[in-house]
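The data block below is entry-v1.cif; it holds mmCIF, C-alpha atoms.
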data_protein
loop_
_atom_site.group_PDB
_atom_site.id
_atom_site.type_symbol
_atom_site.label_atom_id
_atom_site.label_comp_id
_atom_site.auth_asym_id
_atom_site.auth_seq_id
_atom_site.Cartn_x
_atom_site.Cartn_y
_atom_site.Cartn_z
ATOM 1 C CA MET A 15 -22.211 7.705 18.707
ATOM 2 C CA LEU A 16 -22.427 10.708 16.400
ATOM 3 C CA LEU A 17 -20.488 12.855 18.875
ATOM 4 C CA LEU A 18 -17.744 10.241 19.160
ATOM 5 C CA ALA A 19 -17.394 9.845 15.389
ATOM 6 C CA SER A 20 -17.389 13.618 14.884
ATOM 7 C CA SER A 21 -14.790 14.120 17.626
ATOM 8 C CA VAL A 22 -12.443 11.462 16.265
ATOM 9 C CA LYS A 23 -12.880 12.881 12.771
ATOM 10 C CA LEU A 24 -12.083 16.404 13.998
ATOM 11 C CA ILE A 25 -8.939 15.311 15.844
ATOM 12 C CA ALA A 26 -7.750 13.411 12.771
ATOM 13 C CA GLU A 27 -8.437 16.434 10.561
ATOM 14 C CA ILE A 28 -6.436 18.706 12.844
ATOM 15 C CA ALA A 29 -3.520 16.264 12.858
ATOM 16 C CA ILE A 30 -3.610 15.812 9.076
ATOM 17 C CA LEU A 31 -3.730 19.541 8.371
ATOM 18 C CA ALA A 32 -0.949 20.247 10.880
ATOM 19 C CA MET A 33 1.255 17.577 9.337
ATOM 20 C CA VAL A 34 0.672 18.799 5.786
ATOM 21 C CA GLY A 35 1.259 22.403 6.885
ATOM 22 C CA GLN A 36 4.466 21.439 8.661
ATOM 23 C CA TRP A 37 5.689 19.603 5.578
ATOM 24 C CA LEU A 38 4.929 22.558 3.277
ATOM 25 C CA LEU A 39 6.504 25.038 5.659
ATOM 26 C CA GLY A 40 9.541 22.786 5.934
ATOM 27 C CA LEU A 41 9.898 22.899 2.159
ATOM 28 C CA LEU A 42 9.691 26.687 2.152
ATOM 29 C CA ALA A 43 11.981 27.275 5.140
ATOM 30 C CA GLY A 44 14.632 24.773 4.101
ATOM 31 C CA GLN A 45 17.497 24.090 6.491
ATOM 32 C CA ARG A 46 16.445 26.850 8.888
ATOM 33 C CA ARG A 47 13.010 25.371 9.539
ATOM 34 C CA GLN A 48 13.789 24.635 13.208
ATOM 35 C CA GLU A 49 14.217 28.375 13.762
ATOM 36 C CA ASN A 50 10.773 29.128 12.299
ATOM 37 C CA PHE A 51 8.143 29.814 14.978
ATOM 38 C CA PHE A 52 5.221 28.459 12.971
ATOM 39 C CA TYR A 53 7.091 25.286 12.010
ATOM 40 C CA ARG A 54 7.777 24.615 15.694
ATOM 41 C CA LEU A 55 4.138 25.365 16.553
ATOM 42 C CA LEU A 56 2.962 22.789 14.019
ATOM 43 C CA GLN A 57 5.575 20.395 15.360
ATOM 44 C CA VAL A 58 4.099 20.756 18.860
ATOM 45 C CA LEU A 59 0.682 19.859 17.436
ATOM 46 C CA THR A 60 1.925 16.771 15.602
ATOM 47 C CA ASP A 61 4.417 15.419 18.156
ATOM 48 C CA PRO A 62 1.870 13.434 20.236
ATOM 49 C CA PHE A 63 0.649 11.582 17.143
ATOM 50 C CA VAL A 64 4.176 10.931 15.882
ATOM 51 C CA LYS A 65 5.244 9.588 19.295
ATOM 52 C CA VAL A 66 2.283 7.199 19.408
ATOM 53 C CA VAL A 67 3.124 5.855 15.957
ATOM 54 C CA ARG A 68 6.798 5.495 16.925
ATOM 55 C CA ALA A 69 5.712 3.504 19.985
ATOM 56 C CA ILE A 70 3.521 1.093 18.014
ATOM 57 C CA THR A 71 5.824 0.529 15.041
ATOM 58 C CA PRO A 72 8.709 -1.946 15.137
ATOM 59 C CA ARG A 73 12.252 -0.590 15.488
ATOM 60 C CA VAL A 74 12.995 -1.749 11.926
ATOM 61 C CA VAL A 75 11.026 1.242 10.652
ATOM 62 C CA LEU A 76 13.376 4.180 10.204
ATOM 63 C CA ASP A 77 12.701 7.375 12.160
ATOM 64 C CA ARG A 78 12.477 9.401 8.973
ATOM 65 C CA HIS A 79 9.520 7.256 7.832
ATOM 66 C CA ILE A 80 7.496 7.744 11.020
ATOM 67 C CA PRO A 81 5.873 11.064 9.933
ATOM 68 C CA LEU A 82 4.622 9.432 6.731
ATOM 69 C CA ALA A 83 3.296 6.458 8.698
ATOM 70 C CA THR A 84 1.591 8.890 11.066
ATOM 71 C CA LEU A 85 -0.052 10.730 8.182
ATOM 72 C CA LEU A 86 -1.284 7.467 6.658
ATOM 73 C CA LEU A 87 -2.648 6.311 10.022
ATOM 74 C CA MET A 88 -4.461 9.627 10.536
ATOM 75 C CA LEU A 89 -5.937 9.388 7.044
ATOM 76 C CA ALA A 90 -7.177 5.864 7.794
ATOM 77 C CA ILE A 91 -8.681 6.993 11.112
ATOM 78 C CA TRP A 92 -10.339 9.946 9.389
ATOM 79 C CA LEU A 93 -11.810 7.669 6.738
ATOM 80 C CA MET A 94 -13.146 5.212 9.327
ATOM 81 C CA ALA A 95 -14.675 8.029 11.388
ATOM 82 C CA THR A 96 -16.281 9.508 8.283
ATOM 83 C CA LEU A 97 -17.744 6.151 7.298
ATOM 84 C CA ALA A 98 -19.037 5.611 10.843
ATOM 85 C CA LYS A 99 -20.665 9.041 10.808
ATOM 86 C CA VAL A 100 -22.297 8.439 7.422
ATOM 87 C CA ASN A 101 -23.494 4.998 8.512
ATOM 88 C CA PHE A 102 -24.999 6.424 11.700
ATOM 89 C CA CYS A 103 -26.732 9.214 9.799
ATOM 90 C CA LEU A 104 -28.183 6.767 7.285
ATOM 91 C CA ARG A 105 -29.552 4.582 10.081
ATOM 92 C CA VAL A 106 -31.230 7.351 12.113
ATOM 93 C CA GLY A 107 -32.116 9.670 9.261
ATOM 94 C CA MET A 108 -30.923 13.167 8.534
ATOM 95 C CA GLU A 109 -33.075 14.751 11.245
ATOM 96 C CA GLY A 110 -31.246 12.735 13.899
ATOM 97 C CA CYS A 111 -27.877 13.836 12.558
ATOM 98 C CA ARG A 112 -28.252 17.530 13.126
#
How does the structure come out when it is put into structure tokens?
Amino acid sequence: MLLLASSVKLIAEIAILAMVGQWLLGLLAGQRRQENFFYRLLQVLTDPFVKVVRAITPRVVLDRHIPLATLLLMLAIWLMATLAKVNFCLRVGMEGCR
């Protein structure tokens, strides 16, 4: 259980950091962001998560809002995984969590 919660938490953290980094780099690069190697690298990391959110959201949601919805979903998943990890550690004790 601890391994599962830690793994989900790690994947969510990677997605969140990649999305925030892509957003910041997009602000810095401006209109030429698609030509930036690191922006495209971060886009490759976030695309699977964005595509999943696009698939589960209704078509009424605009495409430009999907990255924000993805970020919010990843934050919720991270929070749930963190709470599950803390709950597990409180039940088994700190020695069982290491």
Subject >> 9 Å contact set for Leu39 (chain A), all atoms listed in the file, chain neighbours under 4 positions out, as an NGL selection string >> reply: :A and (34-35 or 43-44 or 47 or 50 or 52-53)
Subject >> Spatial neighbours of Ile30 (chain A), max dist 8 Å, only C-alpha atoms, sep filter under 5 positions, as a list in words >> reply: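 Once the adjacent positions are removed, what remains is Leu85, Met88 and Leu89 of chain A.
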**OP:** Can you give me, as a list of chain:residue names, the residues this file yields under the PyMOL selection byres ((chain A and resi 20) around 12)?
**Re:**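 Checked against the file, the PyMOL selection byres ((chain A and resi 20) around 12) matches A:Met15, A:Leu16, A:Leu17, A:Leu18, A:Ala19, A:Ser21, A:Val22, A:Lys23, A:Leu24, A:Ile25, A:Ala26, A:Glu27, A:Ile91, A:Trp92, A:Leu93, A:Met94, A:Ala95, A:Thr96, A:Leu97, A:Ala98, A:Lys99, A:Val100, A:Phe102, A:Cys103, A:Cys111, A:Arg112.
Distance check against Thr60 (chain A) using all atoms listed in the file: of A:Met33, A:Glu109, A:Gln48, A:Asn101, the minimum falls on A:Met33.
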Original post:
Separation of CA of Trp37 (chain A) and CA of Pro62 (chain A), in Å?
Top reply: 16.4 Å
Original post:
How many Å separate CA of Leu38 (chain A) from CA of Gln57 (chain A)?
Top reply: 12.3 Å
Original post:
Which is closest to Leu87 (chain A) among A:Val64, A:Leu56, A:Ala32, A:Val106, if we use only C-alpha atoms?
Top reply: A:Val64
Axis-aligned box for region 85-93 of chain A, 5 Å per side, centre and edges in Å as lines of an AutoDock Vina configuration file:
center_x = -5.9
center_y = 8.3
center_z = 8.9
size_x = 21.8
size_y = 14.9
size_z = 14.5
Original post:
Which residue gives the smallest distance to Phe51 (chain A) among A:Gln36, A:Ile28, A:Val74, A:His79, with all atoms listed in the file counted?
Top reply: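 Closest to Phe51 (chain A), using all atoms listed in the file: A:Gln36.
Take CA of Val67 (chain A) and CA of Thr84 (chain A): the distance between them is 6.0 Å.
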Taking the block just given, write region 76-89 of chain A to a file that holds N, CA and C atoms, as a PDB file, in the first residue's frame.
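The resulting file, result-v8.pdb, is shown below:
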ATOM      1  N   LEU A  76     -13.680  23.870 -23.309  1.00  0.00           N
ATOM      2  CA  LEU A  76     -12.802  24.348 -24.382  1.00  0.00           C
ATOM      3  C   LEU A  76     -11.415  23.725 -24.273  1.00  0.00           C
ATOM      4  N   ASP A  77     -10.770  23.536 -25.413  1.00  0.00           N
ATOM      5  CA  ASP A  77      -9.433  22.928 -25.439  1.00  0.00           C
ATOM      6  C   ASP A  77      -8.411  23.753 -24.674  1.00  0.00           C
ATOM      7  N   ARG A  78      -8.581  25.051 -24.645  1.00  0.00           N
ATOM      8  CA  ARG A  78      -7.603  25.882 -23.942  1.00  0.00           C
ATOM      9  C   ARG A  78      -7.717  25.758 -22.423  1.00  0.00           C
ATOM     10  N   HIS A  79      -8.831  25.188 -21.927  1.00  0.00           N
ATOM     11  CA  HIS A  79      -9.003  24.985 -20.494  1.00  0.00           C
ATOM     12  C   HIS A  79      -8.534  23.609 -20.022  1.00  0.00           C
ATOM     13  N   ILE A  80      -8.239  22.734 -20.940  1.00  0.00           N
ATOM     14  CA  ILE A  80      -7.839  21.360 -20.588  1.00  0.00           C
ATOM     15  C   ILE A  80      -6.536  21.335 -19.782  1.00  0.00           C
ATOM     16  N   PRO A  81      -5.496  22.100 -20.118  1.00  0.00           N
ATOM     17  CA  PRO A  81      -4.288  22.069 -19.276  1.00  0.00           C
ATOM     18  C   PRO A  81      -4.546  22.482 -17.830  1.00  0.00           C
ATOM     19  N   LEU A  82      -5.402  23.462 -17.612  1.00  0.00           N
ATOM     20  CA  LEU A  82      -5.739  23.863 -16.248  1.00  0.00           C
ATOM     21  C   LEU A  82      -6.503  22.752 -15.530  1.00  0.00           C
ATOM     22  N   ALA A  83      -7.431  22.122 -16.229  1.00  0.00           N
ATOM     23  CA  ALA A  83      -8.166  20.999 -15.643  1.00  0.00           C
ATOM     24  C   ALA A  83      -7.220  19.847 -15.318  1.00  0.00           C
ATOM     25  N   THR A  84      -6.239  19.625 -16.169  1.00  0.00           N
ATOM     26  CA  THR A  84      -5.252  18.578 -15.925  1.00  0.00           C
ATOM     27  C   THR A  84      -4.437  18.898 -14.680  1.00  0.00           C
ATOM     28  N   LEU A  85      -3.999  20.126 -14.557  1.00  0.00           N
ATOM     29  CA  LEU A  85      -3.230  20.533 -13.376  1.00  0.00           C
ATOM     30  C   LEU A  85      -4.048  20.358 -12.101  1.00  0.00           C
ATOM     31  N   LEU A  86      -5.303  20.763 -12.128  1.00  0.00           N
ATOM     32  CA  LEU A  86      -6.164  20.621 -10.952  1.00  0.00           C
ATOM     33  C   LEU A  86      -6.398  19.152 -10.604  1.00  0.00           C
ATOM     34  N   LEU A  87      -6.575  18.313 -11.631  1.00  0.00           N
ATOM     35  CA  LEU A  87      -6.745  16.881 -11.385  1.00  0.00           C
ATOM     36  C   LEU A  87      -5.483  16.279 -10.783  1.00  0.00           C
ATOM     37  N   MET A  88      -4.323  16.662 -11.303  1.00  0.00           N
ATOM     38  CA  MET A  88      -3.057  16.136 -10.760  1.00  0.00           C
ATOM     39  C   MET A  88      -2.839  16.599  -9.326  1.00  0.00           C
ATOM     40  N   LEU A  89      -3.230  17.833  -9.028  1.00  0.00           N
ATOM     41  CA  LEU A  89      -3.122  18.315  -7.649  1.00  0.00           C
ATOM     42  C   LEU A  89      -4.042  17.530  -6.718  1.00  0.00           C
TER      43      LEU A  89
END
